[in-house]
>>> print(open('structure_19.txt').read())   # compact mmCIF, N, CA and C atoms and all ligand atoms
# COMPACT_ATOMS: atom_id res chain seq x y z
N MET K 128 36.19 -44.10 -2.33
CA MET K 128 35.29 -43.26 -3.13
C MET K 128 34.17 -44.13 -3.70
N THR K 129 32.95 -43.64 -3.64
CA THR K 129 31.86 -44.38 -4.27
C THR K 129 31.48 -43.68 -5.56
N TYR K 130 31.09 -44.46 -6.54
CA TYR K 130 30.66 -43.90 -7.81
C TYR K 130 29.75 -44.91 -8.49
N THR K 131 29.04 -44.43 -9.48
CA THR K 131 28.12 -45.29 -10.23
C THR K 131 28.85 -45.91 -11.40
N ILE K 132 28.63 -47.18 -11.63
CA ILE K 132 29.14 -47.86 -12.82
C ILE K 132 28.09 -47.72 -13.92
N ASP K 133 28.53 -47.21 -15.09
CA ASP K 133 27.59 -46.89 -16.17
C ASP K 133 27.55 -47.95 -17.27
N GLY K 134 28.41 -48.95 -17.18
CA GLY K 134 28.43 -49.95 -18.25
C GLY K 134 29.61 -50.87 -18.06
N GLU K 135 29.85 -51.69 -19.06
CA GLU K 135 30.98 -52.61 -18.97
C GLU K 135 31.65 -52.77 -20.31
N ILE K 136 32.90 -53.18 -20.24
CA ILE K 136 33.69 -53.43 -21.45
C ILE K 136 34.62 -54.59 -21.14
N THR K 137 34.94 -55.37 -22.15
CA THR K 137 35.88 -56.47 -21.93
C THR K 137 37.14 -56.24 -22.75
N PHE K 138 38.23 -56.81 -22.24
CA PHE K 138 39.53 -56.79 -22.93
C PHE K 138 40.09 -58.21 -22.93
N PHE K 139 40.83 -58.52 -23.96
CA PHE K 139 41.55 -59.79 -23.95
C PHE K 139 42.56 -59.79 -22.79
N GLU K 140 42.70 -60.95 -22.17
CA GLU K 140 43.59 -61.08 -21.00
C GLU K 140 45.00 -60.57 -21.29
N ARG K 141 45.43 -60.72 -22.52
CA ARG K 141 46.82 -60.33 -22.83
C ARG K 141 47.05 -58.83 -22.68
N PHE K 142 45.95 -58.04 -22.61
CA PHE K 142 46.09 -56.59 -22.44
C PHE K 142 46.02 -56.16 -20.97
N GLU K 143 45.70 -57.09 -20.09
CA GLU K 143 45.42 -56.72 -18.68
C GLU K 143 46.58 -56.00 -18.01
N ALA K 144 47.78 -56.54 -18.11
CA ALA K 144 48.92 -55.94 -17.41
C ALA K 144 49.20 -54.53 -17.93
N ASP K 145 49.11 -54.34 -19.24
CA ASP K 145 49.37 -53.01 -19.82
C ASP K 145 48.30 -52.01 -19.38
N ILE K 146 47.07 -52.46 -19.23
CA ILE K 146 46.00 -51.55 -18.77
C ILE K 146 46.25 -51.18 -17.31
N LEU K 147 46.55 -52.14 -16.49
CA LEU K 147 46.74 -51.87 -15.06
C LEU K 147 47.97 -51.00 -14.80
N SER K 148 48.98 -51.11 -15.64
CA SER K 148 50.19 -50.29 -15.46
C SER K 148 50.02 -48.89 -16.05
N GLY K 149 48.98 -48.69 -16.86
CA GLY K 149 48.78 -47.40 -17.53
C GLY K 149 49.49 -47.31 -18.87
N ALA K 150 50.21 -48.38 -19.26
CA ALA K 150 50.92 -48.36 -20.54
C ALA K 150 49.94 -48.35 -21.73
N LYS K 151 48.77 -48.93 -21.55
CA LYS K 151 47.72 -48.92 -22.59
C LYS K 151 46.58 -48.07 -22.06
N ASN K 152 46.32 -46.95 -22.72
CA ASN K 152 45.25 -46.07 -22.23
C ASN K 152 44.22 -45.70 -23.28
N ILE K 153 44.26 -46.42 -24.41
CA ILE K 153 43.17 -46.33 -25.38
C ILE K 153 42.80 -47.74 -25.82
N THR K 154 41.61 -47.85 -26.37
CA THR K 154 41.20 -49.07 -27.05
C THR K 154 40.46 -48.67 -28.31
N LEU K 155 40.60 -49.45 -29.36
CA LEU K 155 39.98 -49.16 -30.65
C LEU K 155 38.94 -50.23 -30.92
N ARG K 156 37.71 -49.83 -31.05
CA ARG K 156 36.59 -50.77 -31.19
C ARG K 156 35.82 -50.51 -32.48
N ASP K 157 34.94 -51.45 -32.82
CA ASP K 157 34.12 -51.28 -34.02
C ASP K 157 32.78 -50.63 -33.64
N GLN K 158 31.92 -50.50 -34.63
CA GLN K 158 30.62 -49.82 -34.45
C GLN K 158 29.81 -50.39 -33.29
N SER K 159 29.94 -51.69 -33.04
CA SER K 159 29.13 -52.32 -32.00
C SER K 159 29.49 -51.83 -30.60
N GLU K 160 30.66 -51.18 -30.48
CA GLU K 160 31.08 -50.64 -29.18
C GLU K 160 31.37 -49.13 -29.31
N SER K 161 30.56 -48.46 -30.12
CA SER K 161 30.74 -47.01 -30.35
C SER K 161 29.86 -46.18 -29.42
N HIS K 162 29.19 -46.83 -28.49
CA HIS K 162 28.17 -46.17 -27.67
C HIS K 162 28.73 -45.55 -26.39
N PHE K 163 30.00 -45.77 -26.08
CA PHE K 163 30.54 -45.24 -24.83
C PHE K 163 30.65 -43.72 -24.88
N LYS K 164 30.47 -43.09 -23.70
CA LYS K 164 30.45 -41.63 -23.60
C LYS K 164 31.49 -41.16 -22.60
N VAL K 165 32.07 -39.99 -22.88
CA VAL K 165 33.02 -39.39 -21.95
C VAL K 165 32.33 -39.21 -20.59
N GLY K 166 33.04 -39.56 -19.54
CA GLY K 166 32.52 -39.42 -18.19
C GLY K 166 31.95 -40.71 -17.63
N GLN K 167 31.71 -41.69 -18.49
CA GLN K 167 31.19 -42.96 -17.98
C GLN K 167 32.29 -43.72 -17.23
N ARG K 168 31.88 -44.40 -16.19
CA ARG K 168 32.76 -45.29 -15.44
C ARG K 168 32.33 -46.71 -15.76
N LEU K 169 33.29 -47.51 -16.22
CA LEU K 169 32.97 -48.84 -16.74
C LEU K 169 33.63 -49.93 -15.91
N HIS K 170 32.89 -50.99 -15.71
CA HIS K 170 33.38 -52.24 -15.13
C HIS K 170 34.19 -52.92 -16.25
N VAL K 171 35.40 -53.35 -15.93
CA VAL K 171 36.26 -53.97 -16.95
C VAL K 171 36.54 -55.42 -16.57
N ALA K 172 36.28 -56.30 -17.51
CA ALA K 172 36.49 -57.73 -17.29
C ALA K 172 37.24 -58.33 -18.47
N THR K 173 37.78 -59.52 -18.23
CA THR K 173 38.45 -60.23 -19.32
C THR K 173 37.41 -60.80 -20.27
N PHE K 174 37.76 -60.77 -21.55
CA PHE K 174 36.88 -61.34 -22.57
C PHE K 174 36.76 -62.86 -22.39
N GLU K 175 37.88 -63.49 -22.01
CA GLU K 175 37.91 -64.95 -21.99
C GLU K 175 37.03 -65.56 -20.91
N ASP K 176 37.10 -64.99 -19.68
CA ASP K 176 36.34 -65.61 -18.58
C ASP K 176 35.54 -64.62 -17.75
N ASN K 177 35.38 -63.42 -18.30
CA ASN K 177 34.54 -62.40 -17.66
C ASN K 177 34.97 -62.14 -16.21
N ARG K 178 36.27 -62.10 -15.99
CA ARG K 178 36.84 -61.82 -14.66
C ARG K 178 37.10 -60.33 -14.52
N TRP K 179 36.46 -59.68 -13.52
CA TRP K 179 36.69 -58.24 -13.29
C TRP K 179 38.16 -58.00 -12.98
N PHE K 180 38.75 -56.97 -13.54
CA PHE K 180 40.11 -56.62 -13.09
C PHE K 180 40.32 -55.13 -12.85
N CYS K 181 39.37 -54.28 -13.26
CA CYS K 181 39.47 -52.86 -12.88
C CYS K 181 38.19 -52.13 -13.29
N ASP K 182 38.10 -50.88 -12.83
CA ASP K 182 37.10 -49.95 -13.35
C ASP K 182 37.87 -48.84 -14.07
N ILE K 183 37.28 -48.30 -15.13
CA ILE K 183 37.92 -47.21 -15.87
C ILE K 183 36.96 -46.04 -16.01
N LEU K 184 37.55 -44.86 -16.18
CA LEU K 184 36.80 -43.65 -16.52
C LEU K 184 37.05 -43.37 -18.00
N VAL K 185 35.99 -43.21 -18.78
CA VAL K 185 36.12 -42.89 -20.21
C VAL K 185 36.45 -41.40 -20.33
N GLU K 186 37.59 -41.11 -20.97
CA GLU K 186 38.05 -39.72 -21.08
C GLU K 186 37.97 -39.17 -22.50
N ARG K 187 37.93 -40.06 -23.49
CA ARG K 187 37.85 -39.62 -24.91
C ARG K 187 37.03 -40.64 -25.66
N VAL K 188 36.23 -40.20 -26.59
CA VAL K 188 35.60 -41.09 -27.56
C VAL K 188 35.67 -40.37 -28.91
N GLU K 189 36.34 -40.99 -29.86
CA GLU K 189 36.54 -40.36 -31.16
C GLU K 189 36.38 -41.38 -32.27
N LYS K 190 35.74 -40.98 -33.35
CA LYS K 190 35.69 -41.81 -34.56
C LYS K 190 37.04 -41.68 -35.25
N LEU K 191 37.56 -42.78 -35.73
CA LEU K 191 38.90 -42.76 -36.31
C LEU K 191 38.98 -43.71 -37.49
N ALA K 192 39.42 -43.22 -38.63
CA ALA K 192 39.59 -44.09 -39.80
C ALA K 192 40.81 -44.99 -39.60
N PHE K 193 40.68 -46.24 -39.97
CA PHE K 193 41.82 -47.16 -39.88
C PHE K 193 43.04 -46.54 -40.57
N ASN K 194 42.82 -45.90 -41.72
CA ASN K 194 43.93 -45.30 -42.48
C ASN K 194 44.60 -44.15 -41.75
N HIS K 195 43.97 -43.63 -40.71
CA HIS K 195 44.55 -42.52 -39.95
C HIS K 195 45.26 -42.98 -38.67
N LEU K 196 45.32 -44.29 -38.47
CA LEU K 196 46.10 -44.78 -37.31
C LEU K 196 47.54 -44.31 -37.44
N ASN K 197 48.11 -43.85 -36.34
CA ASN K 197 49.49 -43.34 -36.40
C ASN K 197 50.30 -43.81 -35.18
N ASP K 198 51.51 -43.32 -35.12
CA ASP K 198 52.43 -43.75 -34.05
C ASP K 198 51.96 -43.31 -32.66
N VAL K 199 51.23 -42.22 -32.59
CA VAL K 199 50.71 -41.78 -31.28
C VAL K 199 49.67 -42.79 -30.78
N HIS K 200 48.78 -43.22 -31.67
CA HIS K 200 47.80 -44.25 -31.27
C HIS K 200 48.53 -45.51 -30.83
N ALA K 201 49.54 -45.90 -31.60
CA ALA K 201 50.28 -47.13 -31.26
C ALA K 201 50.93 -47.00 -29.89
N GLN K 202 51.53 -45.84 -29.62
CA GLN K 202 52.17 -45.64 -28.31
C GLN K 202 51.14 -45.73 -27.19
N GLN K 203 49.93 -45.22 -27.44
CA GLN K 203 48.87 -45.26 -26.43
C GLN K 203 48.33 -46.68 -26.23
N GLU K 204 48.60 -47.55 -27.20
CA GLU K 204 48.25 -48.98 -27.08
C GLU K 204 49.44 -49.81 -26.61
N ASN K 205 50.59 -49.13 -26.41
CA ASN K 205 51.85 -49.81 -26.03
C ASN K 205 52.27 -50.84 -27.07
N MET K 206 52.18 -50.43 -28.34
CA MET K 206 52.57 -51.30 -29.46
C MET K 206 53.27 -50.43 -30.50
N THR K 207 53.90 -51.11 -31.46
CA THR K 207 54.32 -50.40 -32.67
C THR K 207 53.09 -50.22 -33.56
N LEU K 208 53.20 -49.33 -34.53
CA LEU K 208 52.06 -49.12 -35.44
C LEU K 208 51.77 -50.40 -36.24
N ALA K 209 52.81 -51.09 -36.65
CA ALA K 209 52.60 -52.35 -37.41
C ALA K 209 51.89 -53.38 -36.54
N GLU K 210 52.31 -53.47 -35.27
CA GLU K 210 51.65 -54.42 -34.35
C GLU K 210 50.18 -54.03 -34.16
N LEU K 211 49.93 -52.73 -33.99
CA LEU K 211 48.56 -52.28 -33.76
C LEU K 211 47.66 -52.60 -34.96
N LYS K 212 48.15 -52.32 -36.15
CA LYS K 212 47.33 -52.60 -37.35
C LYS K 212 47.04 -54.10 -37.46
N LYS K 213 48.03 -54.93 -37.13
CA LYS K 213 47.81 -56.38 -37.19
C LYS K 213 46.79 -56.82 -36.15
N VAL K 214 46.89 -56.26 -34.93
CA VAL K 214 45.93 -56.61 -33.87
C VAL K 214 44.51 -56.26 -34.32
N ILE K 215 44.34 -55.07 -34.86
CA ILE K 215 43.00 -54.64 -35.29
C ILE K 215 42.47 -55.56 -36.39
N ILE K 216 43.31 -55.88 -37.36
CA ILE K 216 42.86 -56.74 -38.46
C ILE K 216 42.57 -58.15 -37.94
N ASP K 217 43.39 -58.62 -37.00
CA ASP K 217 43.15 -59.96 -36.43
C ASP K 217 41.81 -60.01 -35.69
N ILE K 218 41.45 -58.91 -35.01
CA ILE K 218 40.20 -58.90 -34.24
C ILE K 218 39.00 -58.64 -35.15
N TYR K 219 39.11 -57.65 -36.02
CA TYR K 219 37.93 -57.18 -36.76
C TYR K 219 37.94 -57.51 -38.26
N GLY K 220 39.06 -58.04 -38.76
CA GLY K 220 39.15 -58.21 -40.21
C GLY K 220 39.36 -56.85 -40.85
N SER K 221 39.05 -56.77 -42.14
CA SER K 221 39.18 -55.50 -42.85
C SER K 221 38.14 -54.53 -42.30
N ILE K 222 38.58 -53.38 -41.82
CA ILE K 222 37.64 -52.43 -41.18
C ILE K 222 38.09 -51.02 -41.52
N ASP K 223 37.14 -50.16 -41.89
CA ASP K 223 37.47 -48.78 -42.27
C ASP K 223 37.34 -47.82 -41.09
N THR K 224 36.33 -48.04 -40.25
CA THR K 224 36.00 -47.07 -39.21
C THR K 224 36.13 -47.68 -37.83
N LEU K 225 36.92 -47.00 -37.00
CA LEU K 225 37.13 -47.44 -35.63
C LEU K 225 36.63 -46.36 -34.68
N TYR K 226 36.46 -46.75 -33.43
CA TYR K 226 36.08 -45.80 -32.37
C TYR K 226 37.15 -45.88 -31.29
N LEU K 227 37.82 -44.77 -31.09
CA LEU K 227 38.88 -44.69 -30.08
C LEU K 227 38.24 -44.34 -28.74
N ILE K 228 38.51 -45.15 -27.75
CA ILE K 228 38.03 -44.89 -26.39
C ILE K 228 39.27 -44.69 -25.53
N GLY K 229 39.44 -43.47 -25.04
CA GLY K 229 40.56 -43.17 -24.15
C GLY K 229 40.10 -43.27 -22.71
N PHE K 230 40.94 -43.81 -21.85
CA PHE K 230 40.47 -44.10 -20.48
C PHE K 230 41.61 -44.01 -19.48
N SER K 231 41.21 -43.90 -18.21
CA SER K 231 42.16 -44.07 -17.11
C SER K 231 41.58 -45.06 -16.12
N VAL K 232 42.46 -45.80 -15.47
CA VAL K 232 42.03 -46.78 -14.47
C VAL K 232 41.71 -46.02 -13.17
N ILE K 233 40.53 -46.26 -12.63
CA ILE K 233 40.14 -45.58 -11.39
C ILE K 233 40.07 -46.54 -10.20
N LYS K 234 40.08 -47.83 -10.46
CA LYS K 234 40.06 -48.82 -9.37
C LYS K 234 40.60 -50.14 -9.90
N ALA K 235 41.45 -50.77 -9.13
CA ALA K 235 41.97 -52.08 -9.56
C ALA K 235 42.14 -52.97 -8.34
C1 LIG F 1 37.47 -58.17 -26.31
C2 LIG F 1 37.96 -57.14 -27.27
O1 LIG F 1 37.39 -56.93 -28.32
N1 LIG F 1 39.04 -56.48 -26.92
C3 LIG F 1 39.68 -55.47 -27.61
C4 LIG F 1 39.42 -55.12 -28.90
C5 LIG F 1 40.13 -54.07 -29.44
N2 LIG F 1 41.04 -53.43 -28.69
C6 LIG F 1 41.27 -53.81 -27.41
O2 LIG F 1 42.11 -53.19 -26.73
N3 LIG F 1 40.60 -54.83 -26.88
>>> encode(input="structure_19.txt", output="structure tokens", more="lines below")
Ligand SMILES: CC(=O)Nc1cc[nH]c(=O)n1
Amino acid sequence: MTYTIDGEITFFERFEADILSGAKNITLRDQSESHFKVGQRLHVATFEDNRWFCDILVERVEKLAFNHLNDVHAQQENMTLAELKKVIIDIYGSIDTLYLIGFSVIKA
């Protein structure tokens, strides 16, 4: 199948296996990555060395308060809620507003 790539996003290498298996199907980003739109197909590479590992289709984009993170979000990240909150704080520090990007892998 041919399709147009509309942008790119990076993930830490430690998330690669969970993304490729479908165990992780959302990502939570800050304002700087709030521009993604439903229907976009994105080139996905590792943050560490910019190595392509899949393309994804963006299926959801939602603004989400950190205080509203719940067990469903954690399950979609393949983590416990406590692990997810720690990951977010480790990446972004104290943050009130997140952007949930839901996706499916379309090529790997
Ligand atoms: C590179 C990077 O910021 N990666 C992130 C950030 C938040 N969630 C996630 O799954 N990946």
>>> atom_distance(input="structure_19.txt", atom1="atom N of K:Phe139", atom2="atom O1 of ligand LIG 1 (chain F)")
5.8 Å
>>> residues_near_ligand(input="structure_19.txt", ligand="ligand LIG 1 (chain F)", cutoff="6 Å", atoms="all atoms listed in the file", output="ChimeraX atom specification")
/K:137-139,153-156,174
>>> atom_distance(input="structure_19.txt", atom1="atom C of K:Thr207", atom2="atom C of K:His195")
11.8 Å
>>> atom_distance(input="structure_19.txt", atom1="atom CA of K:Asp176", atom2="atom CA of K:Asp133")
20.8 Å
>>> select_by_dssp(input="structure_19.txt", residues="chain K", states="alpha helix (DSSP H)", output="list in words")
Glu143, Ala144, Asp145, Ile146, Leu147, Ser148, Asp198, Val199, His200, Ala201, Gln202, Gln203, Leu208, Ala209, Glu210, Leu211, Lys212, Lys213, Val214, Ile215, Ile216, Asp217, Ile218 and Tyr219 of chain K
>>> select_by_dssp(input="structure_19.txt", residues="stretch 172-226 of chain K", states="strand (DSSP E or B)", output="list in words")
Ala172, Thr173, Trp179, Phe180, Cys181, Asp182, Ile183, Leu184, Val185, Glu186, Arg187, Val188, Glu189, Lys190, Leu191, Ala192, Thr224, Leu225 and Tyr226 of chain K
>>> residues_around(input="structure_19.txt", residues="K:Lys164", least_positions_apart="4", cutoff="7 Å", atoms="all atoms listed in the file", output="compact mmCIF listing (two decimals) with N, CA and C atoms, in the frame of the given file")
# COMPACT_ATOMS: atom_id res chain seq x y z
N VAL K 185 35.99 -43.21 -18.78
CA VAL K 185 36.12 -42.89 -20.21
C VAL K 185 36.45 -41.40 -20.33
N GLU K 186 37.59 -41.11 -20.97
CA GLU K 186 38.05 -39.72 -21.08
C GLU K 186 37.97 -39.17 -22.50
N ARG K 187 37.93 -40.06 -23.49
CA ARG K 187 37.85 -39.62 -24.91
C ARG K 187 37.03 -40.64 -25.66
N VAL K 188 36.23 -40.20 -26.59
CA VAL K 188 35.60 -41.09 -27.56
C VAL K 188 35.67 -40.37 -28.91
>>> residues_around(input="structure_19.txt", residues="K:Leu184", least_positions_apart="3", cutoff="8 Å", atoms="only N, CA and C atoms", output="PyMOL selection string")
chain K and resi 164-170+181+187+228-234
>>> closest_residue(input="structure_19.txt", among="K:Phe180, K:Phe193, K:Phe163, K:Tyr130", to="K:Lys213", atoms="only C-alpha atoms")
K:Phe193
>>> closest_residue(input="structure_19.txt", among="K:Ala172, K:Ala235, K:Ile218, K:Met206", to="K:Ala150", atoms="only N, CA and C atoms")
K:Met206
>>> residues_around(input="structure_19.txt", residues="K:Leu191", least_positions_apart="3", cutoff="8 Å", atoms="only C-alpha atoms", output="list in words")
His195, Leu196, Thr224, Leu225, Tyr226 and Leu227 of chain K
>>> axis_aligned_box(input="structure_19.txt", around="stretch 173-186 of chain K", padding_each_side="3 Å", output="AutoDock Vina command-line options")
--center_x 37.4 --center_y -52.4 --center_z -17.7 --size_x 11.8 --size_y 32.4 --size_z 15.7
>>> closest_residue(input="structure_19.txt", among="K:Trp179, K:Gly149, K:His200, K:Ala192", to="K:Ile222", atoms="only N, CA and C atoms")
K:Ala192
>>> closest_residue(input="structure_19.txt", among="K:Ser161, K:Ser221, K:Thr173, K:Asn197", to="K:Arg141", atoms="all atoms listed in the file")
K:Thr173
>>> decode(input="structure_19.txt", residues="stretch 139-176 of chain K", atoms="N, CA and C atoms", output="compact mmCIF listing (two decimals), in the first residue's frame")
# COMPACT_ATOMS: atom_id res chain seq x y z
N PHE K 139 11.37 7.10 22.75
CA PHE K 139 12.55 6.49 23.38
C PHE K 139 12.62 5.01 22.99
N GLU K 140 13.83 4.54 22.77
CA GLU K 140 14.04 3.15 22.34
C GLU K 140 13.36 2.15 23.25
N ARG K 141 13.28 2.48 24.53
CA ARG K 141 12.70 1.51 25.47
C ARG K 141 11.22 1.24 25.20
N PHE K 142 10.57 2.10 24.40
CA PHE K 142 9.16 1.89 24.08
C PHE K 142 8.95 1.13 22.77
N GLU K 143 10.04 0.90 22.04
CA GLU K 143 9.91 0.34 20.68
C GLU K 143 9.17 -1.00 20.65
N ALA K 144 9.57 -1.93 21.48
CA ALA K 144 8.96 -3.27 21.43
C ALA K 144 7.47 -3.20 21.76
N ASP K 145 7.10 -2.39 22.74
CA ASP K 145 5.68 -2.28 23.11
C ASP K 145 4.87 -1.64 21.99
N ILE K 146 5.46 -0.70 21.27
CA ILE K 146 4.75 -0.08 20.14
C ILE K 146 4.57 -1.10 19.02
N LEU K 147 5.61 -1.82 18.70
CA LEU K 147 5.53 -2.78 17.59
C LEU K 147 4.59 -3.94 17.90
N SER K 148 4.47 -4.30 19.16
CA SER K 148 3.56 -5.40 19.53
C SER K 148 2.11 -4.93 19.67
N GLY K 149 1.91 -3.60 19.72
CA GLY K 149 0.56 -3.06 19.92
C GLY K 149 0.21 -2.89 21.39
N ALA K 150 1.12 -3.27 22.29
CA ALA K 150 0.84 -3.14 23.73
C ALA K 150 0.75 -1.67 24.15
N LYS K 151 1.47 -0.80 23.46
CA LYS K 151 1.42 0.65 23.72
C LYS K 151 0.78 1.30 22.51
N ASN K 152 -0.40 1.89 22.70
CA ASN K 152 -1.07 2.50 21.55
C ASN K 152 -1.49 3.95 21.78
N ILE K 153 -0.95 4.54 22.84
CA ILE K 153 -1.07 5.99 23.01
C ILE K 153 0.29 6.54 23.42
N THR K 154 0.44 7.84 23.23
CA THR K 154 1.59 8.55 23.78
C THR K 154 1.08 9.87 24.32
N LEU K 155 1.68 10.34 25.39
CA LEU K 155 1.27 11.58 26.05
C LEU K 155 2.39 12.60 25.88
N ARG K 156 2.10 13.69 25.24
CA ARG K 156 3.12 14.68 24.90
C ARG K 156 2.76 16.05 25.48
N ASP K 157 3.72 16.97 25.44
CA ASP K 157 3.46 18.33 25.93
C ASP K 157 3.02 19.22 24.76
N GLN K 158 2.83 20.49 25.06
CA GLN K 158 2.33 21.47 24.08
C GLN K 158 3.14 21.48 22.79
N SER K 159 4.44 21.23 22.90
CA SER K 159 5.30 21.32 21.72
C SER K 159 4.98 20.22 20.69
N GLU K 160 4.24 19.19 21.11
CA GLU K 160 3.86 18.12 20.20
C GLU K 160 2.32 17.95 20.19
N SER K 161 1.63 19.08 20.28
CA SER K 161 0.16 19.07 20.31
C SER K 161 -0.44 19.27 18.92
N HIS K 162 0.41 19.30 17.90
CA HIS K 162 -0.02 19.68 16.56
C HIS K 162 -0.49 18.50 15.72
N PHE K 163 -0.37 17.28 16.20
CA PHE K 163 -0.75 16.13 15.39
C PHE K 163 -2.27 16.07 15.21
N LYS K 164 -2.69 15.56 14.04
CA LYS K 164 -4.12 15.53 13.69
C LYS K 164 -4.54 14.10 13.36
N VAL K 165 -5.79 13.78 13.71
CA VAL K 165 -6.35 12.48 13.36
C VAL K 165 -6.25 12.28 11.84
N GLY K 166 -5.82 11.11 11.45
CA GLY K 166 -5.70 10.77 10.03
C GLY K 166 -4.30 10.92 9.49
N GLN K 167 -3.44 11.61 10.23
CA GLN K 167 -2.05 11.75 9.76
C GLN K 167 -1.31 10.42 9.89
N ARG K 168 -0.45 10.17 8.95
CA ARG K 168 0.45 9.01 8.99
C ARG K 168 1.84 9.54 9.27
N LEU K 169 2.46 9.01 10.31
CA LEU K 169 3.73 9.56 10.79
C LEU K 169 4.85 8.55 10.68
N HIS K 170 6.00 9.05 10.30
CA HIS K 170 7.26 8.31 10.33
C HIS K 170 7.68 8.26 11.80
N VAL K 171 8.03 7.08 12.29
CA VAL K 171 8.40 6.94 13.71
C VAL K 171 9.85 6.50 13.82
N ALA K 172 10.61 7.24 14.59
CA ALA K 172 12.03 6.93 14.79
C ALA K 172 12.37 6.98 16.27
N THR K 173 13.51 6.39 16.58
CA THR K 173 13.99 6.45 17.97
C THR K 173 14.52 7.85 18.27
N PHE K 174 14.26 8.28 19.50
CA PHE K 174 14.76 9.58 19.95
C PHE K 174 16.29 9.57 20.01
N GLU K 175 16.85 8.43 20.43
CA GLU K 175 18.29 8.39 20.70
C GLU K 175 19.14 8.50 19.44
N ASP K 176 18.75 7.76 18.37
CA ASP K 176 19.60 7.76 17.17
C ASP K 176 18.83 7.97 15.88
